[in-house]
Amino acid sequence: MSYLLNPQVIIDQIINGLTIGGIYALIALGYTLVYGILFMINFAHGEIFMFGSFGGFAALTYFVNSGFSDTHPGLSIVAAFLAAMVVSAILGALLERIAYRPLRNAPRLAPLISAIGASIFLQNVMMLIIKARMQVYPDIIQEEFLEFGWFSISYFQLFIISGSVLLMVGLYLFIQKTKTGKAMRAVAEDRDAASLMGIDVNRIILITFVIGSALAAAAGVMVGIYYTQIDHMMGFIPGIKAFTAAVLGGIGNVPGAMLGGYFLGLAEAFGVLFMPAEYKDVIAFGLLVLVLIFRPSGILGEVVSERA
Amino acid sequence: MMNTKKIYLPIVVLFLLLLPPMVGNYWTQVLGNIGIYVMLGIGLNVVVGFAGLLDLGYVAFYAIGAYGYALLASPHFGIHIPFWVMLPGCVALAAGGGALLGIPVLRMRGDYLAIVTLGFGEIIRILLNNLDPLTNGPRGLLRIDAPAMGNFVVNSPFRWYYLIFAGIIFSAFVADRLNNSRIGRAWIAMREDQDAAAVMGINILKYKLLAFTIGASFAGIGGAIFAARQGSIFPENFSLMVSINVLCLIIIGGMGSIPGVILGAVILIGLPEILRGVHQYRMLAFGGLLVAMMIFRPTGFIPSARRKMELRE
C-alpha cells in the first residue's frame, strides 16, 4: 500500500475524482431541482443525459463532416454543447408535459412508474436510432497533458472541471439573483402559497425541468468527450450515481447536490485504490445505503418533514 | 362478489390445468415463464400492494433463492441436496435476505426506500458477478439438478408447468389468506397512513419487517424453481429489469389483486412472445404503455375490490 503515500497518485486521483465528480454533480442538480419542487424522483433523468450526449454527438459529427471543426474547433465544441442542451431541454419539457404533469396530484407511486416507463421508452427510441451500436465521439481536439512537475492534467479534465464549475456557478447565480430563480425557490418552499402570490407554478416547473435537463446534457457531452464511447444504455449507471450524489448532499438542496457529486467522484477515485475496480459501483450504492440509514437528510440537507 | 369468485375459480383452474396439451410444448414453456413471474408478482404484491413499501430490489431475493439452490444442488461444490429439501431452505434464505434488507430500511419511507432497495439489488448482482470462488462469476452455475421424486424427474415443459402451477396456487392461497388476516389489515392501515396506524397500536417496525420477509420468501420459491428449471443461472438473469418487470406487471394488472397479477404477467411476459415479429419495438411499446397506464388507468386492469372502493370515496 506504499503507493497510497505517493503524492503523485493522490493528486492524480484527486483530479480524476474532480472530473467525474463534476459530471455527477451536473446530473445530480437535475434530480435535486425537480425533487425540491415536485418531491418526485425523475427516473428518466439518466435518459435525458443520454439524449444530450447524442445531441452533442450529432452536432460534432456534422461539424467534422462539413469541415467546420477544422477551422473553428473551439466554436464547434461550444455549438455542440448548445445543441445538446437544446435537445435535452426540449425533451425534458416534453417529458414533464406528457408523462408527469397529468400525474401531479396522483398517488406518489404513479409518477415514479410513469418515469420508469418514460425511461424505458427513451432508451429504446435511441436504440432504434443507433441500431444498438456503440457510437464513437469524434475527437476534435487531441488529448494532451499539461505537465506540472510531478503531476499532469489532461486538457479534457481541465475543461470538464472548469466547465462544470462554470455551469454550477451560473446556476447558483440564476437561482439566487434572477426573478425566475426567486420564483423557483418560492415554489419549492410552498407551491400553493407561491401560486397565491401570482407565480405561474406550471411555468416554473417547466423551467426547472428545462434547466435540469440542459445541465444533464452538458454532462452528457463531457462524458462523450472524456470516455469517447456512448450507447443507449449510458444513462443508467450515471443516473443512479448522480441520484446518490443528490441524496448524499441532501436531496432538494442545490449546493448539496454539487458537494455530493464531488464527494462521490472522489470516493470512487480513491476507492479503486483499495479494492478491485469491479467493485467501484458498490461504493456508490454502499454509500447511498449508509447515508440513507444514518443521515437520510444528507450532508447539507435540512430535516424535511417525512413525506410518505 | 364472493359468489362469482366461487363459480369462476374452479372453471379457471380447470381450464389452466387442461391448457398445456392444447397449446403444445413451446407455449407450455412460455406459460411456465409467465408462471414464474406470477409467483414473483404475488410476492412483490405483498410488499408493494398490501404494505405499500416500494421495493425496487426485489430481484435480489429471487437471486438469493436461485443461487441458494444452485450452489447446493449442482456439481459446483459437488453437493446435491434434493429440491424438495432445498425449497424450504431457499425460502428461509430469501426471508433472511428480506430481514437483512428490512432492518436497516425500516425507518425509511417512499422514494428513499425505493432507491435503497434498488441499490441493494444492484449490490447483490455485482457481488454475484465478482465473488468468483463462491458464485463462479459471470460464467454462472451450470448443470443444476432437476427436482425428482424417485424416478420421476421434473424435466419436461409439461411437468414444469404443473409444478409451477402448484407453486402459484400455494402462493396465491397464502397471499389471499394474509390479505384477509389481522396482518393484512395492519399492512393496509400502515399503507394508508403510517402515523394513524401507529397511533392505533400497530407496531410499524414489526409489520414492515414482516412484509419484507414474507414478500422475499415468495421470491425464494420463485428463484429455486427458476434455477432448477433453467439448469444454469448467470448473474445477468438477475438484473434490475427483473425487478422493474415484476413491479410493472402488478401495476398493469391491478395492485393488490391476485387475478391482476396473473393478467399483468400474461401481458408483460406473454405478449412479447406473441409480438416476436416486431420485437425491436416491444420495449418501446412497453415503456409507452406504462406511462399511458399511469395517466389513464392508474388502478390497473383488475384493481382489487378494496382499492376500487377506496378510489370511489
# chains A, B, ... in the order shown; residues from 1 in each chain; ligands from 1
>>> interface_residues(of="chain A", to="chain B", cutoff="10 Å", atoms="only C-alpha atoms", output="VMD selection string")
chain A and resid 39 to 41 98 to 103 106 to 128 131 240 to 241 243 to 244 247 276 278 to 294 296 306 to 308
>>> residues_around(residues="stretch 21-31 of chain B", least_positions_apart="2", cutoff="9 Å", atoms="only C-alpha atoms", output="ChimeraX atom specification")
/B:18-19,33-36,156-158,160-161,266,269-270,273
>>> write_last_selection(atoms="N, CA and C atoms", output="PDB file, in the first residue's frame")
ATOM      1  N   LEU B  18     -55.895 -27.927 -18.036  1.00  0.00           N
ATOM      2  CA  LEU B  18     -56.024 -28.613 -19.321  1.00  0.00           C
ATOM      3  C   LEU B  18     -55.296 -27.885 -20.444  1.00  0.00           C
ATOM      4  N   LEU B  19     -54.761 -26.722 -20.129  1.00  0.00           N
ATOM      5  CA  LEU B  19     -54.185 -25.892 -21.176  1.00  0.00           C
ATOM      6  C   LEU B  19     -52.967 -26.509 -21.878  1.00  0.00           C
ATOM      7  N   ASN B  33     -42.742 -19.664 -18.070  1.00  0.00           N
ATOM      8  CA  ASN B  33     -42.082 -18.376 -17.813  1.00  0.00           C
ATOM      9  C   ASN B  33     -43.048 -17.403 -17.157  1.00  0.00           C
ATOM     10  N   ILE B  34     -44.256 -17.365 -17.716  1.00  0.00           N
ATOM     11  CA  ILE B  34     -45.265 -16.462 -17.161  1.00  0.00           C
ATOM     12  C   ILE B  34     -45.536 -16.837 -15.707  1.00  0.00           C
ATOM     13  N   GLY B  35     -45.630 -18.163 -15.477  1.00  0.00           N
ATOM     14  CA  GLY B  35     -45.945 -18.644 -14.134  1.00  0.00           C
ATOM     15  C   GLY B  35     -44.928 -18.187 -13.104  1.00  0.00           C
ATOM     16  N   ILE B  36     -43.641 -18.232 -13.458  1.00  0.00           N
ATOM     17  CA  ILE B  36     -42.619 -17.807 -12.503  1.00  0.00           C
ATOM     18  C   ILE B  36     -42.804 -16.325 -12.173  1.00  0.00           C
ATOM     19  N   SER B 156     -39.576 -31.954 -18.220  1.00  0.00           N
ATOM     20  CA  SER B 156     -40.205 -31.548 -19.473  1.00  0.00           C
ATOM     21  C   SER B 156     -41.054 -30.301 -19.213  1.00  0.00           C
ATOM     22  N   PRO B 157     -41.317 -29.507 -20.254  1.00  0.00           N
ATOM     23  CA  PRO B 157     -42.138 -28.305 -20.058  1.00  0.00           C
ATOM     24  C   PRO B 157     -43.470 -28.619 -19.392  1.00  0.00           C
ATOM     25  N   PHE B 158     -44.055 -29.789 -19.744  1.00  0.00           N
ATOM     26  CA  PHE B 158     -45.340 -30.148 -19.151  1.00  0.00           C
ATOM     27  C   PHE B 158     -45.216 -30.349 -17.657  1.00  0.00           C
ATOM     28  N   TRP B 160     -42.936 -29.221 -15.694  1.00  0.00           N
ATOM     29  CA  TRP B 160     -42.644 -27.949 -15.046  1.00  0.00           C
ATOM     30  C   TRP B 160     -43.892 -27.101 -14.915  1.00  0.00           C
ATOM     31  N   TYR B 161     -44.709 -27.138 -15.928  1.00  0.00           N
ATOM     32  CA  TYR B 161     -45.931 -26.341 -15.899  1.00  0.00           C
ATOM     33  C   TYR B 161     -46.748 -26.677 -14.654  1.00  0.00           C
ATOM     34  N   VAL B 266     -49.292 -12.185 -17.834  1.00  0.00           N
ATOM     35  CA  VAL B 266     -49.615 -12.636 -19.190  1.00  0.00           C
ATOM     36  C   VAL B 266     -49.311 -11.521 -20.187  1.00  0.00           C
ATOM     37  N   ILE B 269     -45.169 -10.706 -19.966  1.00  0.00           N
ATOM     38  CA  ILE B 269     -44.225 -11.757 -20.352  1.00  0.00           C
ATOM     39  C   ILE B 269     -44.742 -12.495 -21.582  1.00  0.00           C
ATOM     40  N   GLY B 270     -46.073 -12.641 -21.657  1.00  0.00           N
ATOM     41  CA  GLY B 270     -46.640 -13.391 -22.768  1.00  0.00           C
ATOM     42  C   GLY B 270     -46.711 -12.593 -24.059  1.00  0.00           C
ATOM     43  N   GLU B 273     -43.858 -12.541 -26.468  1.00  0.00           N
ATOM     44  CA  GLU B 273     -43.731 -13.784 -27.223  1.00  0.00           C
ATOM     45  C   GLU B 273     -44.608 -13.737 -28.471  1.00  0.00           C
TER      46      GLU B 273
END
>>> atom_distance(atom1="atom CA of A:Pro73", atom2="atom CA of A:Glu144")
15.0 Å
>>> residues_around(residues="A:Ile230", least_positions_apart="5", cutoff="7 Å", atoms="only C-alpha atoms", output="JSON, numbers by chain")
{"A": [134, 135, 136, 224]}
>>> atom_distance(atom1="atom CA of B:Leu17", atom2="atom CA of B:Gly89")
28.0 Å
>>> select_by_dssp(residues="stretch 222-301 of chain B", states="alpha helix (DSSP H)", output="PyMOL selection string")
chain B and resi 222-230+240-253+258-265+271-274+282-296
>>> closest_residue(among="A:Ala242, A:Leu273, A:Leu266, A:Ile211", to="A:Ala89", atoms="only C-alpha atoms")
A:Ile211
>>> select_by_dssp(residues="stretch 22-228 of chain A", states="strand (DSSP E)", output="list in words")
Gln135, Val136, Phe145, Leu146, Glu147, Phe148, Phe151, Ser152, Ile153 and Ser154 of chain A
>>> closest_residue(among="A:Pro7, A:Gly17, A:Gly250, A:Gly52", to="A:Ala267", atoms="only C-alpha atoms")
A:Gly17
>>> atom_distance(atom1="atom CA of B:Thr213", atom2="atom CA of B:Gly98")
4.6 Å
>>> residues_around(residues="A:Gly256", least_positions_apart="3", cutoff="10 Å", atoms="only C-alpha atoms", output="MDAnalysis selection string")
chainID A and resid 25 28:29 32 245:253 259:262 298:301
>>> residues_around(residues="B:Arg139", least_positions_apart="2", cutoff="9 Å", atoms="only C-alpha atoms", output="VMD selection string")
chain B and resid 129 132 135 to 137 141 to 142 233 to 235
>>> closest_residue(among="B:Val12, B:Met200, B:Leu210, B:Ile183", to="B:Gly102", atoms="only C-alpha atoms")
B:Leu210
>>> residues_around(residues="B:Val91", least_positions_apart="6", cutoff="9 Å", atoms="only C-alpha atoms", output="PyMOL selection string")
chain B and resi 65+216-221+224
>>> residues_around(residues="A:Ile205", least_positions_apart="3", cutoff="8 Å", atoms="only C-alpha atoms", output="count of residues only")
7
>>> decode(residues="stretch 108-134 of chain B", atoms="N, CA and C atoms", output="mmCIF file, in the first residue's frame")
data_model
loop_
_atom_site.group_PDB
_atom_site.id
_atom_site.type_symbol
_atom_site.label_atom_id
_atom_site.label_comp_id
_atom_site.auth_asym_id
_atom_site.auth_seq_id
_atom_site.Cartn_x
_atom_site.Cartn_y
_atom_site.Cartn_z
ATOM 1 N N MET B 108 -37.317 4.164 6.799
ATOM 2 C CA MET B 108 -37.404 4.961 5.576
ATOM 3 C C MET B 108 -38.787 4.883 4.967
ATOM 4 N N ARG B 109 -39.085 5.920 4.205
ATOM 5 C CA ARG B 109 -40.386 5.936 3.553
ATOM 6 C C ARG B 109 -40.223 6.226 2.071
ATOM 7 N N GLY B 110 -41.236 5.836 1.338
ATOM 8 C CA GLY B 110 -41.410 6.267 -0.052
ATOM 9 C C GLY B 110 -40.203 6.124 -0.950
ATOM 10 N N ASP B 111 -39.828 7.243 -1.548
ATOM 11 C CA ASP B 111 -38.795 7.240 -2.574
ATOM 12 C C ASP B 111 -37.450 6.755 -2.061
ATOM 13 N N TYR B 112 -37.115 7.149 -0.839
ATOM 14 C CA TYR B 112 -35.834 6.730 -0.292
ATOM 15 C C TYR B 112 -35.758 5.220 -0.229
ATOM 16 N N LEU B 113 -36.852 4.644 0.214
ATOM 17 C CA LEU B 113 -36.918 3.188 0.304
ATOM 18 C C LEU B 113 -36.719 2.582 -1.076
ATOM 19 N N ALA B 114 -37.368 3.181 -2.085
ATOM 20 C CA ALA B 114 -37.248 2.662 -3.445
ATOM 21 C C ALA B 114 -35.794 2.642 -3.882
ATOM 22 N N ILE B 115 -35.089 3.718 -3.616
ATOM 23 C CA ILE B 115 -33.719 3.813 -4.101
ATOM 24 C C ILE B 115 -32.786 2.895 -3.324
ATOM 25 N N VAL B 116 -32.989 2.785 -2.013
ATOM 26 C CA VAL B 116 -32.106 1.904 -1.242
ATOM 27 C C VAL B 116 -32.307 0.455 -1.673
ATOM 28 N N THR B 117 -33.555 0.070 -1.901
ATOM 29 C CA THR B 117 -33.781 -1.307 -2.313
ATOM 30 C C THR B 117 -33.182 -1.536 -3.699
ATOM 31 N N LEU B 118 -33.269 -0.522 -4.555
ATOM 32 C CA LEU B 118 -32.655 -0.624 -5.877
ATOM 33 C C LEU B 118 -31.145 -0.834 -5.729
ATOM 34 N N GLY B 119 -30.549 -0.037 -4.839
ATOM 35 C CA GLY B 119 -29.106 -0.182 -4.600
ATOM 36 C C GLY B 119 -28.776 -1.561 -4.070
ATOM 37 N N PHE B 120 -29.600 -2.078 -3.179
ATOM 38 C CA PHE B 120 -29.387 -3.407 -2.608
ATOM 39 C C PHE B 120 -29.417 -4.466 -3.711
ATOM 40 N N GLY B 121 -30.402 -4.349 -4.607
ATOM 41 C CA GLY B 121 -30.498 -5.292 -5.723
ATOM 42 C C GLY B 121 -29.251 -5.269 -6.576
ATOM 43 N N GLU B 122 -28.751 -4.068 -6.856
ATOM 44 C CA GLU B 122 -27.555 -3.951 -7.691
ATOM 45 C C GLU B 122 -26.327 -4.507 -6.969
ATOM 46 N N ILE B 123 -26.251 -4.264 -5.660
ATOM 47 C CA ILE B 123 -25.100 -4.762 -4.902
ATOM 48 C C ILE B 123 -25.071 -6.290 -4.974
ATOM 49 N N ILE B 124 -26.228 -6.909 -4.810
ATOM 50 C CA ILE B 124 -26.288 -8.368 -4.859
ATOM 51 C C ILE B 124 -25.816 -8.859 -6.230
ATOM 52 N N ARG B 125 -26.274 -8.178 -7.295
ATOM 53 C CA ARG B 125 -25.884 -8.605 -8.640
ATOM 54 C C ARG B 125 -24.374 -8.439 -8.853
ATOM 55 N N ILE B 126 -23.824 -7.320 -8.387
ATOM 56 C CA ILE B 126 -22.385 -7.086 -8.559
ATOM 57 C C ILE B 126 -21.598 -8.134 -7.768
ATOM 58 N N LEU B 127 -22.097 -8.452 -6.576
ATOM 59 C CA LEU B 127 -21.412 -9.474 -5.775
ATOM 60 C C LEU B 127 -21.449 -10.825 -6.497
ATOM 61 N N LEU B 128 -22.603 -11.192 -7.042
ATOM 62 C CA LEU B 128 -22.710 -12.467 -7.760
ATOM 63 C C LEU B 128 -21.720 -12.491 -8.921
ATOM 64 N N ASN B 129 -21.539 -11.347 -9.537
ATOM 65 C CA ASN B 129 -20.667 -11.240 -10.692
ATOM 66 C C ASN B 129 -19.197 -11.350 -10.315
ATOM 67 N N ASN B 130 -18.858 -10.937 -9.105
ATOM 68 C CA ASN B 130 -17.440 -10.802 -8.762
ATOM 69 C C ASN B 130 -16.928 -11.752 -7.691
ATOM 70 N N LEU B 131 -17.826 -12.394 -6.957
ATOM 71 C CA LEU B 131 -17.362 -13.333 -5.927
ATOM 72 C C LEU B 131 -17.067 -14.677 -6.593
ATOM 73 N N ASP B 132 -16.066 -14.663 -7.451
ATOM 74 C CA ASP B 132 -15.803 -15.840 -8.276
ATOM 75 C C ASP B 132 -15.732 -17.177 -7.546
ATOM 76 N N PRO B 133 -14.977 -17.282 -6.457
ATOM 77 C CA PRO B 133 -14.839 -18.614 -5.839
ATOM 78 C C PRO B 133 -16.181 -19.187 -5.405
ATOM 79 N N LEU B 134 -17.088 -18.306 -4.970
ATOM 80 C CA LEU B 134 -18.378 -18.791 -4.494
ATOM 81 C C LEU B 134 -19.369 -18.968 -5.645
#
